Amino acid sequence: MIEVTFLVAACAAQYALLIKLDHILAGDLVMDEKFHIPQAQAYCSGQFGHYDDKLTTPPGLYLLSFALNKLGLPCSTFALRFQNMVLGTVCLPLILAWAARLRPQICNSRSVIIVSVSPIFSFFCLFYYTDILGTILVLLTYGFAISHRSHKAALTGFLSLWVRQTNFVWLAALALIDVAQGAAKTFCPQKQALSDPAAKSKIISIASATLALPQIFLNHPRDLFRRCSPYAVPFAFALGFLLWNKSIVLGHQEFHEAGLYPVQLGYVSAFCVALSWPSTLWQLWSSQSTFRAVHGLQVASLVMLFAAALKYTDRTHPFVLADNRHIVFYVHRYILSRWPRIVLASIYGASTWVTLMLLVQTATPIECAGILTAGALTLVPTSLLEPRYYIVFFAIWRQYMKPVPRWVTALELCLWTLLHVAIMSIFIHRPFGWPGTPGLQRIMW
């Protein structure tokens with residue numbers, strides 16, 4: 001009952017805000033909507049031969065809008081935003097709750113469902129962006145993979161590739177979790193540490209899983225082929241796309257060149273911990289016996305690694321420096337470019353340690369290996385500091401957070417609501433102009 005009330009309240013509040021935005025913006029498109037909405041409208045009018053070369057993602061979102069248009073939903077700016085709002089305020093919380101119920105011994109739906117109203121989700125479900133649909137499809141793939149419904153996981157993973165091509169990394173990781181845990185339980189029941197969230201030494205267990213799985217697969221090739229076969233089509237599709245496109249990015253390839261930026265791991269960890277600090281502090285407090293065992297050497301090592309990453313590999317993307325419509329512009333100006341490197345490295349090191357420890361408390365070693373690898377492979381190659389890039393990892397990471405008391409969830413919900421209201425107030429009431437550029441600019445995530 002509480003979840004239903006929450007869902008209805010969130011929908012009503014976001015719909016009222018959507019109407020307000022439609023009145024305030026008066027037809028103006030926001031940031032990347034200038035590419036997304038005309039493309040969707042072109043598809044709705046049957047112009048499938050046109051594709052804006054500035055779009056960096058595949059046409060999955062526009063194809064969904066085309067299908068909904070055939071069912072009667074208009075392709076107006078308001079209708080397209082409404083489509084995304086329904087995805088974010090109805091589909092996303094339901095899928096989060098469903099995924100949580102697959103593992104009731106780890107988390108409860110109440111603690112997880114509020115992720116759908118975290119400030120960044122709440123903001124982008126009001127605009128026509130690809131992030132909400134992409135996250136929903138990855139979460140569906142995650143749920144099917146951990147419950148070993150491989151064909152459904154392969155299908156939703158394949159669909160996710162049509163929204164964001166980098167979702168291939170998550171599909172590969174989740175397929176590995178599905179195949180590896182199933183094989184380990186079948187052929188190595190004596191090695192329960194491979195698929196047991198209660199394994200005492202997770203670091204050793206992760207290493208053990210990595211070393212044991214090749215042997216399992218070599219000894220049982222037919223079973224490996226059977227377990228992997230559902231994923232053959234999406235993997236072949238992704239490989240074909242890479243060979244055809246010669247890059248994982250569609251448009252604007254000059255601004256999305258791959259590199260090696262380990263500091264992204266610090267960014268995503270700080271993002272997760274800062275956004276979830278009430279739940280994080282409760283976990284640290286209630287699990288003192290677990291976290292008391294931490295060796296200072298672990299945190300110190302992470303701090304040193306991030307200090308080296310900041311010194312030798314850190315690169316500020318031109319978009320961060322040039323675009324004062326993004327919050328990260330101000331984060332970079334007043335924090336990242338001013339605070340001493342050792343302070344930033346300490347924040348990143350401590351946040352990374354906390355993020356890892358909260359994950360390994362409840363995840364199996366194979367899940368830890370898959371989720372951490374996917375997070376690293378999707379983030380480390382890019383130098384662009386973009387909070388939207390962290391939401392898939394954040395949503396999956398929260399699935400492994402132990403249940404917290406109702407008052408902690410309520411506190412987190414209140415803080416997120418206040419932050420969302422603050423960001424939207426700035427967006428609506430503090431527009432500004434650019435010299436030589438028509439129209440008003442607005443600050444956003």
# chains A, B, ... in the order shown; residues from 1 in each chain; ligands from 1
>>> residues_around(residues="Leu126 of chain A", least_positions_apart="6", cutoff="9 Å", atoms="only C-alpha atoms", output="list of chain:residue names")
A:Gln14, A:Tyr15, A:Leu17, A:Leu18, A:Leu21, A:Arg81, A:Phe82, A:Asn84, A:Met85, A:Gly88
>>> closest_atom_pairs(of="segment 15-121 of chain A", to="segment 259-281 of chain A", cutoff="12 Å", atoms="only C-alpha atoms", output="CSV")
residue,atom,partner,partner_atom,distance
A:Ser111,CA,A:Ser279,CA,9.0
A:Val112,CA,A:Ser279,CA,11.0
A:Ile114,CA,A:Ser276,CA,10.9
A:Val115,CA,A:Ser276,CA,9.5
A:Val117,CA,A:Leu275,CA,11.5
A:Ser118,CA,A:Leu275,CA,7.9
A:Pro119,CA,A:Leu275,CA,8.7
A:Ile120,CA,A:Leu275,CA,9.8
A:Phe121,CA,A:Leu275,CA,11.8
>>> atom_distance(atom1="atom CA of Ala180 of chain A", atom2="atom CA of Pro403 of chain A")
26.9 Å
>>> select_by_dssp(residues="segment 122-182 of chain A", states="helix (DSSP H, G or I)", output="count of residues only")
47
>>> closest_residue(among="A:Phe168, A:Ile371, A:Arg325, A:Ala9", to="Arg430 of chain A", atoms="only C-alpha atoms")
A:Arg325
>>> closest_residue(among="A:Ala173, A:Ile342, A:Ala97, A:Val30", to="Cys368 of chain A", atoms="only C-alpha atoms")
A:Ala173
>>> residues_around(residues="segment 436-441 of chain A", least_positions_apart="2", cutoff="10 Å", atoms="only C-alpha atoms", output="PyMOL selection string")
chain A and resi 25+28+30-31+324-325+427+430-434+443-444
>>> residues_around(residues="Tyr400 of chain A", least_positions_apart="4", cutoff="9 Å", atoms="only C-alpha atoms", output="PyMOL selection string")
chain A and resi 100+106-107+358-363+396
>>> atom_distance(atom1="atom CA of Val179 of chain A", atom2="atom CA of Arg227 of chain A")
5.8 Å
>>> closest_residue(among="A:Cys125, A:Asp22, A:Lys402, A:Trp170", to="Thr373 of chain A", atoms="only C-alpha atoms")
A:Trp170
>>> residues_around(residues="segment 298-307 of chain A", least_positions_apart="3", cutoff="7 Å", atoms="only C-alpha atoms", output="ChimeraX atom specification")
/A:263,295,310-311,341-342,345-346,348-350,353
>>> residues_around(residues="segment 43-60 of chain A", least_positions_apart="2", cutoff="10 Å", atoms="only C-alpha atoms", output="ChimeraX atom specification")
/A:32,35-41,62-70,74-76,130,133-134,159-166,248-253,256
>>> write_last_selection(atoms="C-alpha atoms", output="PDB file, in the first residue's frame")
ATOM      1  CA  ASP A  32      20.028  17.514 -26.312  1.00  0.00           C
ATOM      2  CA  PHE A  35      18.500  16.619 -31.504  1.00  0.00           C
ATOM      3  CA  HIS A  36      16.223  13.978 -29.948  1.00  0.00           C
ATOM      4  CA  ILE A  37      12.796  15.526 -30.476  1.00  0.00           C
ATOM      5  CA  PRO A  38      13.180  16.496 -34.171  1.00  0.00           C
ATOM      6  CA  GLN A  39      14.545  13.004 -34.826  1.00  0.00           C
ATOM      7  CA  ALA A  40      11.570  11.373 -33.106  1.00  0.00           C
ATOM      8  CA  GLN A  41       9.171  13.599 -35.022  1.00  0.00           C
ATOM      9  CA  TYR A  62      12.543   7.207 -31.461  1.00  0.00           C
ATOM     10  CA  LEU A  63      11.271   3.817 -32.638  1.00  0.00           C
ATOM     11  CA  LEU A  64       9.312   3.496 -29.381  1.00  0.00           C
ATOM     12  CA  SER A  65       7.799   6.936 -29.993  1.00  0.00           C
ATOM     13  CA  PHE A  66       6.951   5.898 -33.544  1.00  0.00           C
ATOM     14  CA  ALA A  67       5.184   2.768 -32.252  1.00  0.00           C
ATOM     15  CA  LEU A  68       3.268   4.770 -29.632  1.00  0.00           C
ATOM     16  CA  ASN A  69       2.334   7.295 -32.308  1.00  0.00           C
ATOM     17  CA  LYS A  70       0.747   4.504 -34.331  1.00  0.00           C
ATOM     18  CA  PRO A  74       0.996  12.372 -30.642  1.00  0.00           C
ATOM     19  CA  CYS A  75       4.608  13.236 -31.367  1.00  0.00           C
ATOM     20  CA  SER A  76       4.367  16.770 -30.007  1.00  0.00           C
ATOM     21  CA  THR A 130      17.458   8.253 -23.756  1.00  0.00           C
ATOM     22  CA  LEU A 133      14.505   3.927 -21.256  1.00  0.00           C
ATOM     23  CA  GLY A 134      18.105   2.660 -21.394  1.00  0.00           C
ATOM     24  CA  LEU A 159      16.593  -3.996 -27.009  1.00  0.00           C
ATOM     25  CA  SER A 160      18.854  -1.972 -24.703  1.00  0.00           C
ATOM     26  CA  LEU A 161      21.490  -1.852 -27.450  1.00  0.00           C
ATOM     27  CA  TRP A 162      19.023   0.083 -29.599  1.00  0.00           C
ATOM     28  CA  VAL A 163      18.867   2.819 -26.954  1.00  0.00           C
ATOM     29  CA  ARG A 164      22.517   3.065 -25.884  1.00  0.00           C
ATOM     30  CA  GLN A 165      25.206   1.052 -27.588  1.00  0.00           C
ATOM     31  CA  THR A 166      27.422   1.131 -24.475  1.00  0.00           C
ATOM     32  CA  ILE A 248      31.117   2.598 -30.490  1.00  0.00           C
ATOM     33  CA  VAL A 249      29.914   6.210 -30.938  1.00  0.00           C
ATOM     34  CA  LEU A 250      27.612   7.188 -33.794  1.00  0.00           C
ATOM     35  CA  GLY A 251      27.864  10.969 -34.183  1.00  0.00           C
ATOM     36  CA  HIS A 252      30.259  13.606 -32.788  1.00  0.00           C
ATOM     37  CA  GLN A 253      33.037  11.012 -32.649  1.00  0.00           C
ATOM     38  CA  HIS A 256      33.988  11.101 -27.653  1.00  0.00           C
TER      39      HIS A 256
END
>>> closest_residue(among="A:Gln181, A:Thr382, A:Thr355, A:Ser116", to="Ile146 of chain A", atoms="only C-alpha atoms")
A:Gln181
>>> closest_residue(among="A:Arg315, A:Arg333, A:His326, A:Arg226", to="Arg388 of chain A", atoms="only C-alpha atoms")
A:His326
>>> atom_distance(atom1="atom CA of Trp445 of chain A", atom2="atom CA of Ile327 of chain A")
5.3 Å
>>> select_by_dssp(residues="segment 301-436 of chain A", states="strand (DSSP E or B)", output="mmCIF file with N, CA, C and O atoms, in the first residue's frame")
data_model
loop_
_atom_site.group_PDB
_atom_site.id
_atom_site.type_symbol
_atom_site.label_atom_id
_atom_site.label_comp_id
_atom_site.auth_asym_id
_atom_site.auth_seq_id
_atom_site.Cartn_x
_atom_site.Cartn_y
_atom_site.Cartn_z
ATOM 1 N N HIS A 326 25.432 23.273 -17.403
ATOM 2 C CA HIS A 326 25.498 22.027 -16.647
ATOM 3 C C HIS A 326 26.020 22.279 -15.236
ATOM 4 O O HIS A 326 26.948 23.075 -15.038
ATOM 5 N N PHE A 432 19.157 32.532 -18.197
ATOM 6 C CA PHE A 432 20.136 33.565 -18.539
ATOM 7 C C PHE A 432 20.378 33.512 -20.045
ATOM 8 O O PHE A 432 19.969 32.563 -20.737
ATOM 9 N N GLY A 433 21.037 34.526 -20.558
ATOM 10 C CA GLY A 433 21.284 34.599 -21.992
ATOM 11 C C GLY A 433 22.750 34.437 -22.327
ATOM 12 O O GLY A 433 23.630 34.672 -21.491
ATOM 13 N N TRP A 434 22.999 34.005 -23.544
ATOM 14 C CA TRP A 434 24.353 33.963 -24.094
ATOM 15 C C TRP A 434 24.482 35.058 -25.140
ATOM 16 O O TRP A 434 23.614 35.179 -26.024
#
>>> closest_residue(among="A:Glu386, A:Glu367, A:Asp131, A:Glu412", to="Arg110 of chain A", atoms="only C-alpha atoms")
A:Glu412
>>> residues_around(residues="Leu137 of chain A", least_positions_apart="4", cutoff="10 Å", atoms="only C-alpha atoms", output="ChimeraX atom specification")
/A:92,95,132-133,141-143,153,155-161,163,167
>>> decode(residues="segment 395-443 of chain A", atoms="N, CA and C atoms", output="compact mmCIF listing (two decimals), in the first residue's frame")
# COMPACT_ATOMS: atom_id res chain seq x y z
N ALA A 395 21.79 2.50 -10.00
CA ALA A 395 20.56 1.74 -9.82
C ALA A 395 20.84 0.28 -9.48
N ILE A 396 21.86 -0.31 -10.10
CA ILE A 396 22.20 -1.70 -9.80
C ILE A 396 22.90 -1.80 -8.45
N TRP A 397 23.77 -0.88 -8.14
CA TRP A 397 24.47 -0.87 -6.85
C TRP A 397 23.48 -0.79 -5.69
N ARG A 398 22.44 0.02 -5.84
CA ARG A 398 21.44 0.13 -4.77
C ARG A 398 20.67 -1.16 -4.56
N GLN A 399 20.63 -2.03 -5.57
CA GLN A 399 19.96 -3.32 -5.40
C GLN A 399 20.66 -4.18 -4.36
N TYR A 400 21.92 -3.89 -4.07
CA TYR A 400 22.70 -4.71 -3.14
C TYR A 400 22.86 -4.07 -1.77
N MET A 401 22.19 -2.95 -1.56
CA MET A 401 22.26 -2.30 -0.25
C MET A 401 21.27 -2.96 0.69
N LYS A 402 21.73 -3.33 1.87
CA LYS A 402 20.85 -3.98 2.85
C LYS A 402 19.70 -3.06 3.24
N PRO A 403 18.58 -3.65 3.67
CA PRO A 403 17.43 -2.83 4.08
C PRO A 403 17.80 -1.88 5.21
N VAL A 404 17.20 -0.71 5.18
CA VAL A 404 17.43 0.29 6.23
C VAL A 404 16.09 0.59 6.89
N PRO A 405 16.09 1.17 8.09
CA PRO A 405 14.82 1.53 8.75
C PRO A 405 14.00 2.51 7.92
N ARG A 406 12.73 2.52 8.19
CA ARG A 406 11.83 3.41 7.44
C ARG A 406 12.23 4.87 7.55
N TRP A 407 12.71 5.27 8.74
CA TRP A 407 13.05 6.68 8.92
C TRP A 407 14.24 7.08 8.06
N VAL A 408 15.16 6.15 7.81
CA VAL A 408 16.30 6.45 6.93
C VAL A 408 15.81 6.63 5.49
N THR A 409 14.93 5.72 5.05
CA THR A 409 14.35 5.85 3.72
C THR A 409 13.58 7.17 3.59
N ALA A 410 12.82 7.52 4.64
CA ALA A 410 12.05 8.77 4.61
C ALA A 410 12.97 9.98 4.55
N LEU A 411 14.07 9.94 5.32
CA LEU A 411 15.03 11.04 5.29
C LEU A 411 15.65 11.18 3.90
N GLU A 412 16.03 10.07 3.32
CA GLU A 412 16.63 10.10 1.99
C GLU A 412 15.63 10.66 0.97
N LEU A 413 14.40 10.21 1.07
CA LEU A 413 13.36 10.69 0.16
C LEU A 413 13.14 12.18 0.31
N CYS A 414 13.12 12.68 1.53
CA CYS A 414 12.94 14.12 1.77
C CYS A 414 14.11 14.93 1.21
N LEU A 415 15.33 14.45 1.43
CA LEU A 415 16.50 15.17 0.93
C LEU A 415 16.53 15.19 -0.59
N TRP A 416 16.18 14.06 -1.20
CA TRP A 416 16.15 14.01 -2.66
C TRP A 416 15.07 14.93 -3.22
N THR A 417 13.93 14.97 -2.55
CA THR A 417 12.86 15.84 -3.01
C THR A 417 13.28 17.30 -2.93
N LEU A 418 13.92 17.68 -1.82
CA LEU A 418 14.41 19.05 -1.68
C LEU A 418 15.43 19.40 -2.75
N LEU A 419 16.34 18.48 -3.04
CA LEU A 419 17.34 18.73 -4.07
C LEU A 419 16.69 18.85 -5.44
N HIS A 420 15.72 17.99 -5.73
CA HIS A 420 15.03 18.06 -7.01
C HIS A 420 14.28 19.39 -7.14
N VAL A 421 13.63 19.81 -6.06
CA VAL A 421 12.91 21.08 -6.09
C VAL A 421 13.89 22.23 -6.30
N ALA A 422 15.05 22.16 -5.65
CA ALA A 422 16.05 23.22 -5.80
C ALA A 422 16.55 23.31 -7.24
N ILE A 423 16.88 22.15 -7.82
CA ILE A 423 17.39 22.14 -9.20
C ILE A 423 16.32 22.65 -10.16
N MET A 424 15.09 22.18 -9.99
CA MET A 424 14.02 22.62 -10.88
C MET A 424 13.71 24.11 -10.69
N SER A 425 13.83 24.60 -9.47
CA SER A 425 13.61 26.04 -9.24
C SER A 425 14.65 26.87 -9.97
N ILE A 426 15.90 26.44 -9.90
CA ILE A 426 16.96 27.14 -10.63
C ILE A 426 16.69 27.07 -12.13
N PHE A 427 16.31 25.89 -12.60
CA PHE A 427 16.04 25.70 -14.03
C PHE A 427 14.93 26.62 -14.50
N ILE A 428 13.87 26.72 -13.72
CA ILE A 428 12.69 27.48 -14.14
C ILE A 428 12.85 28.98 -13.92
N HIS A 429 13.41 29.36 -12.76
CA HIS A 429 13.37 30.77 -12.36
C HIS A 429 14.68 31.52 -12.56
N ARG A 430 15.75 30.82 -12.98
CA ARG A 430 17.03 31.51 -13.16
C ARG A 430 17.59 31.31 -14.57
N PRO A 431 16.80 31.65 -15.59
CA PRO A 431 17.34 31.55 -16.95
C PRO A 431 18.34 32.67 -17.20
N PHE A 432 19.16 32.53 -18.20
CA PHE A 432 20.14 33.56 -18.54
C PHE A 432 20.38 33.51 -20.04
N GLY A 433 21.04 34.53 -20.56
CA GLY A 433 21.28 34.60 -21.99
C GLY A 433 22.75 34.44 -22.33
N TRP A 434 23.00 34.00 -23.54
CA TRP A 434 24.35 33.96 -24.09
C TRP A 434 24.48 35.06 -25.14
N PRO A 435 25.52 35.87 -25.07
CA PRO A 435 25.70 36.92 -26.08
C PRO A 435 25.74 36.32 -27.49
N GLY A 436 24.93 36.89 -28.38
CA GLY A 436 24.93 36.43 -29.76
C GLY A 436 24.12 35.18 -30.01
N THR A 437 23.48 34.63 -28.96
CA THR A 437 22.69 33.41 -29.10
C THR A 437 21.24 33.71 -28.73
N PRO A 438 20.30 33.47 -29.64
CA PRO A 438 18.90 33.75 -29.31
C PRO A 438 18.35 32.78 -28.27
N GLY A 439 17.35 33.22 -27.54
CA GLY A 439 16.70 32.37 -26.56
C GLY A 439 17.38 32.38 -25.21
N LEU A 440 16.73 31.76 -24.25
CA LEU A 440 17.23 31.69 -22.88
C LEU A 440 17.92 30.36 -22.63
N GLN A 441 18.95 30.38 -21.79
CA GLN A 441 19.68 29.16 -21.38
C GLN A 441 19.28 28.86 -19.93
N ARG A 442 19.32 27.57 -19.59
CA ARG A 442 18.91 27.15 -18.25
C ARG A 442 19.89 26.13 -17.69
N ILE A 443 20.08 26.20 -16.37
CA ILE A 443 21.01 25.29 -15.70
C ILE A 443 20.31 23.96 -15.40
